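> One structure, as structure tokens, below. Some questions next.
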2 protein chains.
Amino acid sequence: MLDIIRDTLGAIKSISPLRLKNAQAHLDSLTKPPGSLGLLEDLAKKYVAIRDTDHPSISKKAVIVFTADHGVTEEGISAYPAEVTPQMVQNFLDGGAAINVLARQQNAEVLIVDMGVNHLFAPHPDLLDRKIAFGTRNMAKEPAMTRAEAEESIAIGIQIAAQLAVKGVDLLATGEMGIGNTTASSAIFSVLGNLPANQVTGRGTGIDDTALNKKISVIQKALEIHSPNPEDPIDILAKVGGFEIGGIMGLLLGASAKNIPVVIDGLISSAGASLAIKLNPSVKDYIFPSHRSVEPGQKVFFDLMETPPLFDLKMRLGEGTGAVLAFGMIEASVKIFNEMATFQSAGISDRAKIQRFP
Amino acid sequence: MLDIIRDTLGAIKSISPLRLKNAQAHLDSLTKPPGSLGLLEDLAKKYVAIRDTDHPSISKKAVIVFTADHGVTEEGISAYPAEVTPQMVQNFLDGGAAINVLARQQNAEVLIVDMGVNHLFAPHPDLLDRKIAFGTRNMAKEPAMTRAEAEESIAIGIQIAAQLAVKGVDLLATGEMGIGNTTASSAIFSVLGNLPANQVTGRGTGIDDTALNKKISVIQKALEIHSPNPEDPIDILAKVGGFEIGGIMGLLLGASAKNIPVVIDGLISSAGASLAIKLNPSVKDYIFPSHRSVEPGQKVFFDLMETPPLFDLKMRLGEGTGAVLAFGMIEASVKIFNEMATFQSAGISDRAKIQRFP
């Protein structure tokens, strides 16, 4: 294993139970019935504990969109041709995609990382060129990448997290683009969840029944040929993953080591997050799930997290769109923590002080 | 029935199916797989149809917090004493409550309406004095209000909506405060849903089993004594409702007549909305549900709406907190509608144009 990965895994600590407890005590002093803000209180507590501070704030937010192509697209498992990956990357750089719109609303930076798109892009201030290859190999025929390439993709994610930490980013979201990457993600979830391909495979960008059956059989075949080791996340990534999924894994490891919370988007981000959790379960402490995708494989991630999603809007776009929508809720929770009056400061009768019913 | 109520009911029109269809066609031209933004697309379509425009925008938002006291609190059905109603109203005016924090985040105005709080407040720019009485009567002994008072409360809500329309408000949320008002709302839902009190009654601000049983029996008794007519929403409001619930009803009627969408908060707002829908089913077209409260009675509202909530954060605070959280999602949907590139403008391969798989 590359030193940077080993060192980062060693630097990840569980969040402090004392911070969580003190944060709940503060929330209980605010002018509302205890617990009445539900999961919003959980978000605030977790954010405070991750940042390891009594005075949480969110000022710099970013969504990191990892992009790459997939050799498996030649099997005909997507509703769109592979050329859409670079076209959509250009759309991100031009500011016209859904993730651009939603990130602008949330005042969040969008950083596009070329992990392995089958195209050479002109330099652009929002584009980070970390191309490992012009796409993965076709998992239906050979492993998607070598173990060295898999480790490199993780290392890239770790380095990006470290750079964002230096810039003072408070809150991250994962995003991705890569035609064919729901196939890779479903394969990963089949291994991690020990579930047959048909239980973790969905329609991605919107394929019909014929293509769905093809997609399922491609995943089954790839898993039979390569037999990824369920206890070795890097082996899974190499054999049936994608460069962007490795980038997401690395971002999570690096962010966890730097006390930066990461909001997880849909199926592909959840696959990367699940692999990262398998490498170090404490990564869970730094993850905020966002939405429930319509893709069935994502349930393996929620089972691992033991946390439900914040919302279920029947979305299936990726790019980080669901994760960035959750920024608003996490910020709301931190503002509640910081700005609400206490029972004492507002002079309000706390039920602890009143007589019980006559 | 007061003329203003009758006239407003007559002015409410269903939204245009053509607007909805054209909005979907526009959404399908944007650079994403058709339907891949799920409910976000539904929000955009509905907003466009309500505002009856090709160029939707959201610039002025407001949450209207209707407040009132409830005679039924003397039965001991709440975890907090009735004096907390005016104390919390003061907290709203001082900017220290959860709704103030969340409305500030969303850049939304907070308007507090005193519909019948048992306290005389000093004038304040954010407070509208529409006091009908110093609280309702105890529904366990007599009708909560007269039919004239019930109509007056609805008329007040209608007038407020009309004033907000003149001010150019684009998006409204309902909120409320009133110790005892989950009891009134559960009673309303028992009638509207034709369900026994124990199936629609929850713990409100957090009562124990003894108080919960008391609350259920008080609701049962009130419904037995007064037999509200399930087909007459004003009769239900008068006998077991509250002034703030009437205000919410009226706001919805008035906003619907003025093409202003209204986001509905939790149990109490849902009770007011359900009564408004019973008065004119087209009101549904102007409603955005927000969150699923932990209070069980709210399911009657979702059944009436035939629409699921946007999120379920296990909240039970009221004040409009859940509704204002949904502002961000509705705005996101409108920005998606307005700001995303189309397949054509971005030069991206639409799947309609590509050959199917080899």
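Ordering of the structure tokens sets the chain letters (A, B, ...), residue numbers begin anew at 1 in every chain, and ligands are numbered from 1 in the order given.
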Quick one: superpose chain B onto chain A using all C-alpha atoms paired in order, least squares, and give it to me as a short mmCIF file (atom, residue, chain, number, x, y, z; two decimals) with C-alpha atoms, in the first residue's frame.

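The resulting file, selection01.cif, is shown below:
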```
data_model
loop_
_atom_site.label_atom_id
_atom_site.label_comp_id
_atom_site.auth_asym_id
_atom_site.auth_seq_id
_atom_site.Cartn_x
_atom_site.Cartn_y
_atom_site.Cartn_z
CA MET B 1 -0.01 0.00 -0.02
CA LEU B 2 1.27 3.50 -0.82
CA ASP B 3 2.70 5.31 2.21
CA ILE B 4 0.27 8.22 1.82
CA ILE B 5 -2.71 5.86 2.09
CA ARG B 6 -1.27 3.99 5.07
CA ASP B 7 -0.34 7.22 6.88
CA THR B 8 -3.74 8.76 6.25
CA LEU B 9 -5.56 5.67 7.49
CA GLY B 10 -3.48 5.89 10.65
CA ALA B 11 -4.32 9.57 11.17
CA ILE B 12 -8.11 9.10 11.24
CA LYS B 13 -9.54 9.27 14.76
CA SER B 14 -13.11 8.69 15.97
CA ILE B 15 -14.97 11.85 16.91
CA SER B 16 -15.22 12.72 20.61
CA PRO B 17 -18.22 11.36 22.55
CA LEU B 18 -17.70 14.23 25.02
CA ARG B 19 -18.07 16.79 22.23
CA LEU B 20 -21.32 15.09 21.17
CA LYS B 21 -22.62 15.07 24.73
CA ASN B 22 -21.75 18.71 25.37
CA ALA B 23 -23.29 19.74 22.08
CA GLN B 24 -26.54 17.98 23.01
CA ALA B 25 -26.53 19.74 26.39
CA HIS B 26 -26.23 23.07 24.61
CA LEU B 27 -29.03 22.15 22.18
CA ASP B 28 -31.24 21.20 25.15
CA SER B 29 -30.74 24.67 26.66
CA LEU B 30 -32.24 26.37 23.58
CA THR B 31 -35.84 27.64 23.44
CA LYS B 32 -37.52 24.54 22.06
CA PRO B 33 -38.72 21.26 23.55
CA PRO B 34 -35.71 18.91 23.92
CA GLY B 35 -35.08 16.95 20.73
CA SER B 36 -37.86 18.74 18.84
CA LEU B 37 -35.60 19.63 15.92
CA GLY B 38 -34.97 15.94 15.31
CA LEU B 39 -32.21 15.09 12.85
CA LEU B 40 -31.28 18.77 12.60
CA GLU B 41 -29.94 18.44 16.14
CA ASP B 42 -27.99 15.33 15.13
CA LEU B 43 -26.46 17.22 12.23
CA ALA B 44 -25.35 20.06 14.51
CA LYS B 45 -23.86 17.69 17.08
CA LYS B 46 -21.96 15.74 14.47
CA TYR B 47 -20.63 18.87 12.80
CA VAL B 48 -19.43 20.27 16.13
CA ALA B 49 -17.74 16.99 17.01
CA ILE B 50 -16.07 16.64 13.62
CA ARG B 51 -14.72 20.19 13.71
CA ASP B 52 -13.76 19.63 17.35
CA THR B 53 -14.83 23.09 18.46
CA ASP B 54 -17.33 24.89 20.70
CA HIS B 55 -17.79 27.59 18.08
CA PRO B 56 -18.69 25.87 14.82
CA SER B 57 -19.03 27.83 11.62
CA ILE B 58 -19.33 27.03 7.95
CA SER B 59 -17.75 29.54 5.66
CA LYS B 60 -16.00 27.64 2.86
CA LYS B 61 -17.85 24.86 1.09
CA ALA B 62 -16.83 22.89 -1.95
CA VAL B 63 -18.14 20.05 -4.06
CA ILE B 64 -15.45 17.90 -5.66
CA VAL B 65 -16.65 16.31 -8.89
CA PHE B 66 -14.44 13.36 -9.82
CA THR B 67 -14.78 12.38 -13.48
CA ALA B 68 -13.59 9.37 -15.46
CA ASP B 69 -14.52 7.04 -18.28
CA HIS B 70 -15.28 3.33 -18.06
CA GLY B 71 -14.18 0.62 -20.48
CA VAL B 72 -17.30 -1.35 -19.65
CA THR B 73 -19.43 1.09 -21.66
CA GLU B 74 -18.48 -0.91 -24.78
CA GLU B 75 -20.83 -3.60 -23.44
CA GLY B 76 -23.83 -1.29 -23.98
CA ILE B 77 -24.87 -0.80 -20.38
CA SER B 78 -25.74 2.92 -20.49
CA ALA B 79 -28.46 5.01 -22.08
CA TYR B 80 -25.86 7.55 -23.17
CA PRO B 81 -22.67 7.12 -25.24
CA ALA B 82 -19.28 7.42 -23.49
CA GLU B 83 -18.60 10.70 -25.32
CA VAL B 84 -21.11 12.31 -22.93
CA THR B 85 -18.53 12.15 -20.11
CA PRO B 86 -16.19 14.77 -21.64
CA GLN B 87 -19.17 16.75 -22.94
CA MET B 88 -20.62 16.97 -19.44
CA VAL B 89 -17.21 17.86 -17.98
CA GLN B 90 -17.14 20.76 -20.42
CA ASN B 91 -20.68 21.67 -19.30
CA PHE B 92 -19.44 21.72 -15.68
CA LEU B 93 -16.57 24.01 -16.67
CA ASP B 94 -19.00 26.26 -18.55
CA GLY B 95 -21.26 26.46 -15.48
CA GLY B 96 -24.36 25.03 -17.17
CA ALA B 97 -24.91 21.74 -15.35
CA ALA B 98 -27.24 21.04 -12.44
CA ILE B 99 -24.33 20.87 -10.01
CA ASN B 100 -23.19 24.36 -11.03
CA VAL B 101 -26.67 25.78 -10.43
CA LEU B 102 -27.08 24.12 -7.03
CA ALA B 103 -23.53 24.97 -5.90
CA ARG B 104 -24.07 28.62 -6.83
CA GLN B 105 -27.23 28.64 -4.70
CA GLN B 106 -25.24 27.26 -1.77
CA ASN B 107 -22.27 29.55 -2.37
CA ALA B 108 -20.05 26.49 -2.76
CA GLU B 109 -17.01 26.10 -4.97
CA VAL B 110 -17.15 23.44 -7.72
CA LEU B 111 -13.87 21.67 -8.39
CA ILE B 112 -13.77 19.25 -11.33
CA VAL B 113 -11.13 16.54 -11.20
CA ASP B 114 -10.21 14.68 -14.37
CA MET B 115 -9.27 11.28 -12.98
CA GLY B 116 -9.39 9.51 -16.31
CA VAL B 117 -11.71 10.98 -18.93
CA ASN B 118 -11.17 9.86 -22.52
CA HIS B 119 -10.43 13.40 -23.71
CA LEU B 120 -7.73 16.05 -23.34
CA PHE B 121 -9.18 19.24 -21.87
CA ALA B 122 -7.84 22.75 -22.27
CA PRO B 123 -6.62 24.13 -18.93
CA HIS B 124 -9.36 25.74 -16.83
CA PRO B 125 -9.21 27.26 -13.33
CA ASP B 126 -11.91 24.88 -12.03
CA LEU B 127 -10.33 21.77 -13.57
CA LEU B 128 -7.70 19.67 -11.84
CA ASP B 129 -5.85 17.38 -14.29
CA ARG B 130 -5.14 14.13 -12.44
CA LYS B 131 -5.66 11.83 -15.37
CA ILE B 132 -4.48 8.29 -14.64
CA ALA B 133 -5.50 6.90 -18.03
CA PHE B 134 -8.07 7.56 -20.77
CA GLY B 135 -10.64 5.48 -18.93
CA THR B 136 -10.62 2.13 -17.15
CA ARG B 137 -10.47 -1.21 -18.94
CA ASN B 138 -13.61 -3.22 -19.67
CA MET B 139 -14.33 -5.17 -16.46
CA ALA B 140 -16.29 -7.71 -18.49
CA LYS B 141 -12.97 -8.79 -20.01
CA GLU B 142 -10.16 -7.74 -17.67
CA PRO B 143 -9.71 -5.92 -14.34
CA ALA B 144 -10.80 -2.27 -14.63
CA MET B 145 -7.39 -1.15 -13.41
CA THR B 146 -4.17 -2.41 -11.88
CA ARG B 147 -3.75 -2.32 -8.12
CA ALA B 148 -1.17 0.44 -8.59
CA GLU B 149 -3.69 2.53 -10.54
CA ALA B 150 -6.31 1.93 -7.84
CA GLU B 151 -3.91 3.13 -5.16
CA GLU B 152 -2.94 6.11 -7.28
CA SER B 153 -6.60 7.15 -7.59
CA ILE B 154 -7.02 6.98 -3.81
CA ALA B 155 -3.81 8.93 -3.26
CA ILE B 156 -5.05 11.68 -5.58
CA GLY B 157 -8.22 12.04 -3.49
CA ILE B 158 -6.19 12.23 -0.29
CA GLN B 159 -3.96 14.95 -1.74
CA ILE B 160 -6.95 16.99 -2.84
CA ALA B 161 -8.44 16.80 0.67
CA ALA B 162 -5.14 17.99 2.12
CA GLN B 163 -5.05 20.96 -0.26
CA LEU B 164 -8.65 21.85 0.61
CA ALA B 165 -7.81 21.68 4.32
CA VAL B 166 -5.01 24.21 3.75
CA LYS B 167 -7.51 26.46 1.97
CA GLY B 168 -9.74 26.33 5.06
CA VAL B 169 -12.68 24.45 3.58
CA ASP B 170 -15.24 23.62 6.30
CA LEU B 171 -17.62 21.32 4.45
CA LEU B 172 -17.19 19.08 1.43
CA ALA B 173 -19.50 17.22 -0.91
CA THR B 174 -18.62 14.39 -3.24
CA GLY B 175 -19.75 14.38 -6.85
CA GLU B 176 -18.89 12.46 -9.99
CA MET B 177 -19.49 12.04 -13.68
CA GLY B 178 -18.63 9.04 -15.78
CA ILE B 179 -20.84 7.21 -18.24
CA GLY B 180 -20.86 3.59 -17.03
CA ASN B 181 -20.17 4.34 -13.39
CA THR B 182 -23.46 3.01 -12.01
CA THR B 183 -22.34 -0.35 -13.41
CA ALA B 184 -19.05 -0.12 -11.50
CA SER B 185 -20.85 1.02 -8.34
CA SER B 186 -23.45 -1.75 -8.49
CA ALA B 187 -20.64 -4.27 -8.88
CA ILE B 188 -18.94 -2.81 -5.78
CA PHE B 189 -22.18 -3.03 -3.80
CA SER B 190 -22.74 -6.59 -4.95
CA VAL B 191 -19.39 -7.52 -3.39
CA LEU B 192 -19.71 -5.38 -0.23
CA GLY B 193 -23.30 -6.40 0.44
CA ASN B 194 -22.78 -10.02 -0.60
CA LEU B 195 -25.86 -9.58 -2.77
CA PRO B 196 -26.63 -10.88 -6.25
CA ALA B 197 -26.18 -8.32 -9.03
CA ASN B 198 -29.91 -8.08 -9.76
CA GLN B 199 -30.57 -6.79 -6.24
CA VAL B 200 -28.11 -3.92 -6.43
CA THR B 201 -28.42 -2.86 -10.07
CA GLY B 202 -30.71 -0.08 -11.28
CA ARG B 203 -31.45 1.78 -14.49
CA GLY B 204 -28.71 4.42 -14.12
CA THR B 205 -29.41 7.24 -16.56
CA GLY B 206 -32.56 5.46 -17.64
CA ILE B 207 -32.01 2.18 -19.51
CA ASP B 208 -34.80 -0.15 -20.65
CA ASP B 209 -35.36 -3.74 -19.52
CA THR B 210 -33.10 -5.22 -22.21
CA ALA B 211 -30.18 -3.01 -21.28
CA LEU B 212 -30.85 -3.57 -17.56
CA ASN B 213 -30.60 -7.34 -18.05
CA LYS B 214 -27.41 -6.82 -20.02
CA LYS B 215 -26.01 -4.61 -17.24
CA ILE B 216 -26.80 -7.23 -14.60
CA SER B 217 -25.21 -10.02 -16.62
CA VAL B 218 -22.10 -7.91 -17.30
CA ILE B 219 -21.71 -7.30 -13.54
CA GLN B 220 -22.24 -10.99 -12.77
CA LYS B 221 -19.67 -11.97 -15.37
CA ALA B 222 -17.09 -9.43 -14.14
CA LEU B 223 -17.48 -10.62 -10.56
CA GLU B 224 -17.17 -14.28 -11.62
CA ILE B 225 -14.05 -13.65 -13.69
CA HIS B 226 -12.21 -11.47 -11.15
CA SER B 227 -13.54 -12.65 -7.76
CA PRO B 228 -12.73 -9.43 -5.89
CA ASN B 229 -11.80 -10.05 -2.26
CA PRO B 230 -14.69 -8.62 -0.16
CA GLU B 231 -12.24 -7.87 2.66
CA ASP B 232 -9.88 -5.89 0.42
CA PRO B 233 -11.49 -2.61 -0.72
CA ILE B 234 -8.54 -1.75 -2.95
CA ASP B 235 -8.90 -5.10 -4.73
CA ILE B 236 -12.60 -4.39 -5.29
CA LEU B 237 -11.83 -0.91 -6.60
CA ALA B 238 -9.16 -2.22 -8.96
CA LYS B 239 -11.19 -5.06 -10.42
CA VAL B 240 -14.66 -3.53 -10.87
CA GLY B 241 -14.39 0.13 -9.76
CA GLY B 242 -13.51 3.37 -11.47
CA PHE B 243 -10.91 6.11 -11.16
CA GLU B 244 -13.51 8.60 -9.92
CA ILE B 245 -14.64 6.12 -7.25
CA GLY B 246 -11.05 5.82 -6.05
CA GLY B 247 -10.85 9.60 -5.94
CA ILE B 248 -13.97 9.73 -3.77
CA MET B 249 -12.49 7.09 -1.45
CA GLY B 250 -9.32 9.10 -1.10
CA LEU B 251 -11.13 12.39 -0.55
CA LEU B 252 -13.02 10.79 2.33
CA LEU B 253 -9.90 9.36 3.90
CA GLY B 254 -8.04 12.65 3.56
CA ALA B 255 -10.94 14.76 4.81
CA SER B 256 -11.49 12.48 7.80
CA ALA B 257 -7.82 12.80 8.73
CA LYS B 258 -8.19 16.60 8.58
CA ASN B 259 -11.49 16.86 10.53
CA ILE B 260 -13.49 17.99 7.52
CA PRO B 261 -17.03 16.60 7.16
CA VAL B 262 -18.03 15.19 3.79
CA VAL B 263 -21.57 15.00 2.44
CA ILE B 264 -22.13 11.93 0.30
CA ASP B 265 -24.23 12.14 -2.85
CA GLY B 266 -25.92 9.21 -4.58
CA LEU B 267 -25.00 5.71 -5.75
CA ILE B 268 -21.46 6.28 -7.00
CA SER B 269 -20.39 8.51 -4.10
CA SER B 270 -21.95 5.98 -1.73
CA ALA B 271 -19.87 3.22 -3.35
CA GLY B 272 -16.67 5.20 -2.84
CA ALA B 273 -17.69 6.03 0.73
CA SER B 274 -18.48 2.40 1.50
CA LEU B 275 -15.04 1.30 0.29
CA ALA B 276 -13.44 4.03 2.42
CA ILE B 277 -15.40 2.86 5.47
CA LYS B 278 -14.18 -0.67 4.80
CA LEU B 279 -10.60 0.65 4.90
CA ASN B 280 -11.22 2.47 8.19
CA PRO B 281 -14.61 2.35 9.94
CA SER B 282 -13.93 5.68 11.73
CA VAL B 283 -14.52 7.36 8.37
CA LYS B 284 -18.24 6.96 9.16
CA ASP B 285 -17.84 9.64 11.83
CA TYR B 286 -16.98 12.21 9.14
CA ILE B 287 -19.77 11.34 6.71
CA PHE B 288 -23.12 13.05 6.29
CA PRO B 289 -25.38 10.99 4.04
CA SER B 290 -27.62 13.23 1.93
CA HIS B 291 -30.33 11.70 -0.22
CA ARG B 292 -31.69 8.29 -1.02
CA SER B 293 -31.06 7.65 -4.70
CA VAL B 294 -33.54 5.60 -6.72
CA GLU B 295 -30.65 3.15 -7.31
CA PRO B 296 -31.17 0.04 -5.17
CA GLY B 297 -27.49 -0.68 -4.46
CA GLN B 298 -27.20 2.36 -2.22
CA LYS B 299 -28.95 0.52 0.62
CA VAL B 300 -25.69 -1.31 1.30
CA PHE B 301 -24.16 2.08 2.13
CA PHE B 302 -26.98 3.07 4.47
CA ASP B 303 -26.69 -0.30 6.21
CA LEU B 304 -22.97 0.32 6.72
CA MET B 305 -23.62 3.85 7.99
CA GLU B 306 -26.49 2.80 10.27
CA THR B 307 -27.92 6.26 9.45
CA PRO B 308 -30.89 7.07 7.23
CA PRO B 309 -30.61 9.62 4.42
CA LEU B 310 -31.80 13.18 5.08
CA PHE B 311 -34.25 13.16 2.21
CA ASP B 312 -35.61 11.08 -0.62
CA LEU B 313 -36.36 13.17 -3.67
CA LYS B 314 -36.26 10.27 -6.18
CA MET B 315 -33.11 11.80 -7.67
CA ARG B 316 -30.65 9.87 -9.82
CA LEU B 317 -28.46 12.49 -11.47
CA GLY B 318 -25.25 12.30 -9.50
CA GLU B 319 -22.69 15.11 -10.04
CA GLY B 320 -23.03 15.85 -6.31
CA THR B 321 -26.51 17.38 -6.72
CA GLY B 322 -28.11 15.64 -3.74
CA ALA B 323 -25.11 16.27 -1.51
CA VAL B 324 -25.06 19.99 -2.24
CA LEU B 325 -28.81 20.23 -1.50
CA ALA B 326 -27.97 18.89 1.97
CA PHE B 327 -25.47 21.73 2.55
CA GLY B 328 -28.43 23.98 3.38
CA MET B 329 -29.71 21.63 6.07
CA ILE B 330 -26.31 21.20 7.67
CA GLU B 331 -25.79 24.95 7.71
CA ALA B 332 -29.26 25.38 9.18
CA SER B 333 -28.32 23.03 12.00
CA VAL B 334 -25.12 24.93 12.77
CA LYS B 335 -26.99 28.24 12.78
CA ILE B 336 -29.54 26.75 15.20
CA PHE B 337 -26.64 25.74 17.44
CA ASN B 338 -25.06 29.19 17.29
CA GLU B 339 -27.93 31.64 17.10
CA MET B 340 -30.92 30.46 19.14
CA ALA B 341 -31.78 31.98 22.50
CA THR B 342 -31.63 29.79 25.59
CA PHE B 343 -34.56 29.35 27.99
CA GLN B 344 -32.58 31.40 30.48
CA SER B 345 -31.62 34.26 28.14
CA ALA B 346 -35.20 34.53 26.81
CA GLY B 347 -36.83 34.22 30.24
CA ILE B 348 -39.04 31.34 29.14
CA SER B 349 -40.57 28.76 31.47
CA ASP B 350 -38.71 25.51 31.04
CA ARG B 351 -40.83 22.49 31.72
CA ALA B 352 -38.21 21.27 34.17
CA LYS B 353 -39.16 24.24 36.32
CA ILE B 354 -42.93 23.92 36.21
CA GLN B 355 -45.24 21.89 38.36
CA ARG B 356 -46.76 18.87 36.73
CA PHE B 357 -50.40 18.86 35.73
CA PRO B 358 -52.98 19.30 38.48
#
```
> From a DSSP pass on the backbone, collect the residues of segment 63-286 of chain A flagged as helix (DSSP H, G or I) and hand them back as a PyMOL selection string.
chain A and resi 71-75+84-94+98-105+147-166+181-192+197-200+209-226+233-240+243-257+267-279+281-286
> Taking the chain letters and numbering used in this document, name the residues of segment 62-94 of chain A that DSSP puts in strand (DSSP E), as a PyMOL selection string.
chain A and resi 62-68
> Go ahead and write the residues just picked, all heavy atoms, as a PDB file, in the first residue's frame.

```pdb
ATOM      1  N   ALA A  62     -17.224  23.287  -0.596  1.00  0.00           N
ATOM      2  CA  ALA A  62     -16.838  22.888  -1.954  1.00  0.00           C
ATOM      3  C   ALA A  62     -17.421  21.529  -2.290  1.00  0.00           C
ATOM      4  O   ALA A  62     -17.570  20.666  -1.423  1.00  0.00           O
ATOM      5  CB  ALA A  62     -15.315  22.848  -2.076  1.00  0.00           C
ATOM      6  N   VAL A  63     -17.762  21.365  -3.558  1.00  0.00           N
ATOM      7  CA  VAL A  63     -18.140  20.048  -4.069  1.00  0.00           C
ATOM      8  C   VAL A  63     -17.054  19.625  -5.045  1.00  0.00           C
ATOM      9  O   VAL A  63     -16.659  20.398  -5.936  1.00  0.00           O
ATOM     10  CB  VAL A  63     -19.543  20.054  -4.710  1.00  0.00           C
ATOM     11  CG1 VAL A  63     -19.698  21.145  -5.758  1.00  0.00           C
ATOM     12  CG2 VAL A  63     -19.859  18.689  -5.326  1.00  0.00           C
ATOM     13  N   ILE A  64     -16.533  18.415  -4.835  1.00  0.00           N
ATOM     14  CA  ILE A  64     -15.445  17.900  -5.658  1.00  0.00           C
ATOM     15  C   ILE A  64     -16.050  16.866  -6.605  1.00  0.00           C
ATOM     16  O   ILE A  64     -16.551  15.833  -6.163  1.00  0.00           O
ATOM     17  CB  ILE A  64     -14.341  17.249  -4.793  1.00  0.00           C
ATOM     18  CG1 ILE A  64     -14.039  18.110  -3.563  1.00  0.00           C
ATOM     19  CG2 ILE A  64     -13.097  17.003  -5.644  1.00  0.00           C
ATOM     20  CD1 ILE A  64     -13.630  19.536  -3.867  1.00  0.00           C
ATOM     21  N   VAL A  65     -16.022  17.185  -7.885  1.00  0.00           N
ATOM     22  CA  VAL A  65     -16.647  16.321  -8.888  1.00  0.00           C
ATOM     23  C   VAL A  65     -15.555  15.519  -9.599  1.00  0.00           C
ATOM     24  O   VAL A  65     -14.822  16.057 -10.436  1.00  0.00           O
ATOM     25  CB  VAL A  65     -17.472  17.143  -9.898  1.00  0.00           C
ATOM     26  CG1 VAL A  65     -18.222  16.209 -10.849  1.00  0.00           C
ATOM     27  CG2 VAL A  65     -18.458  18.058  -9.177  1.00  0.00           C
ATOM     28  N   PHE A  66     -15.432  14.251  -9.228  1.00  0.00           N
ATOM     29  CA  PHE A  66     -14.441  13.362  -9.829  1.00  0.00           C
ATOM     30  C   PHE A  66     -15.028  12.775 -11.115  1.00  0.00           C
ATOM     31  O   PHE A  66     -16.165  12.287 -11.101  1.00  0.00           O
ATOM     32  CB  PHE A  66     -14.086  12.235  -8.853  1.00  0.00           C
ATOM     33  CG  PHE A  66     -13.368  12.709  -7.619  1.00  0.00           C
ATOM     34  CD1 PHE A  66     -14.075  13.026  -6.454  1.00  0.00           C
ATOM     35  CD2 PHE A  66     -11.985  12.840  -7.605  1.00  0.00           C
ATOM     36  CE1 PHE A  66     -13.419  13.463  -5.311  1.00  0.00           C
ATOM     37  CE2 PHE A  66     -11.315  13.278  -6.465  1.00  0.00           C
ATOM     38  CZ  PHE A  66     -12.030  13.599  -5.316  1.00  0.00           C
ATOM     39  N   THR A  67     -14.244  12.831 -12.192  1.00  0.00           N
ATOM     40  CA  THR A  67     -14.774  12.376 -13.482  1.00  0.00           C
ATOM     41  C   THR A  67     -13.825  11.378 -14.135  1.00  0.00           C
ATOM     42  O   THR A  67     -12.608  11.504 -14.017  1.00  0.00           O
ATOM     43  CB  THR A  67     -14.994  13.578 -14.421  1.00  0.00           C
ATOM     44  OG1 THR A  67     -13.724  14.170 -14.728  1.00  0.00           O
ATOM     45  CG2 THR A  67     -15.876  14.631 -13.782  1.00  0.00           C
ATOM     46  N   ALA A  68     -14.407  10.394 -14.811  1.00  0.00           N
ATOM     47  CA  ALA A  68     -13.590   9.382 -15.484  1.00  0.00           C
ATOM     48  C   ALA A  68     -14.462   8.574 -16.440  1.00  0.00           C
ATOM     49  O   ALA A  68     -15.688   8.525 -16.293  1.00  0.00           O
ATOM     50  CB  ALA A  68     -12.952   8.449 -14.457  1.00  0.00           C
TER      51      ALA A  68
END
```
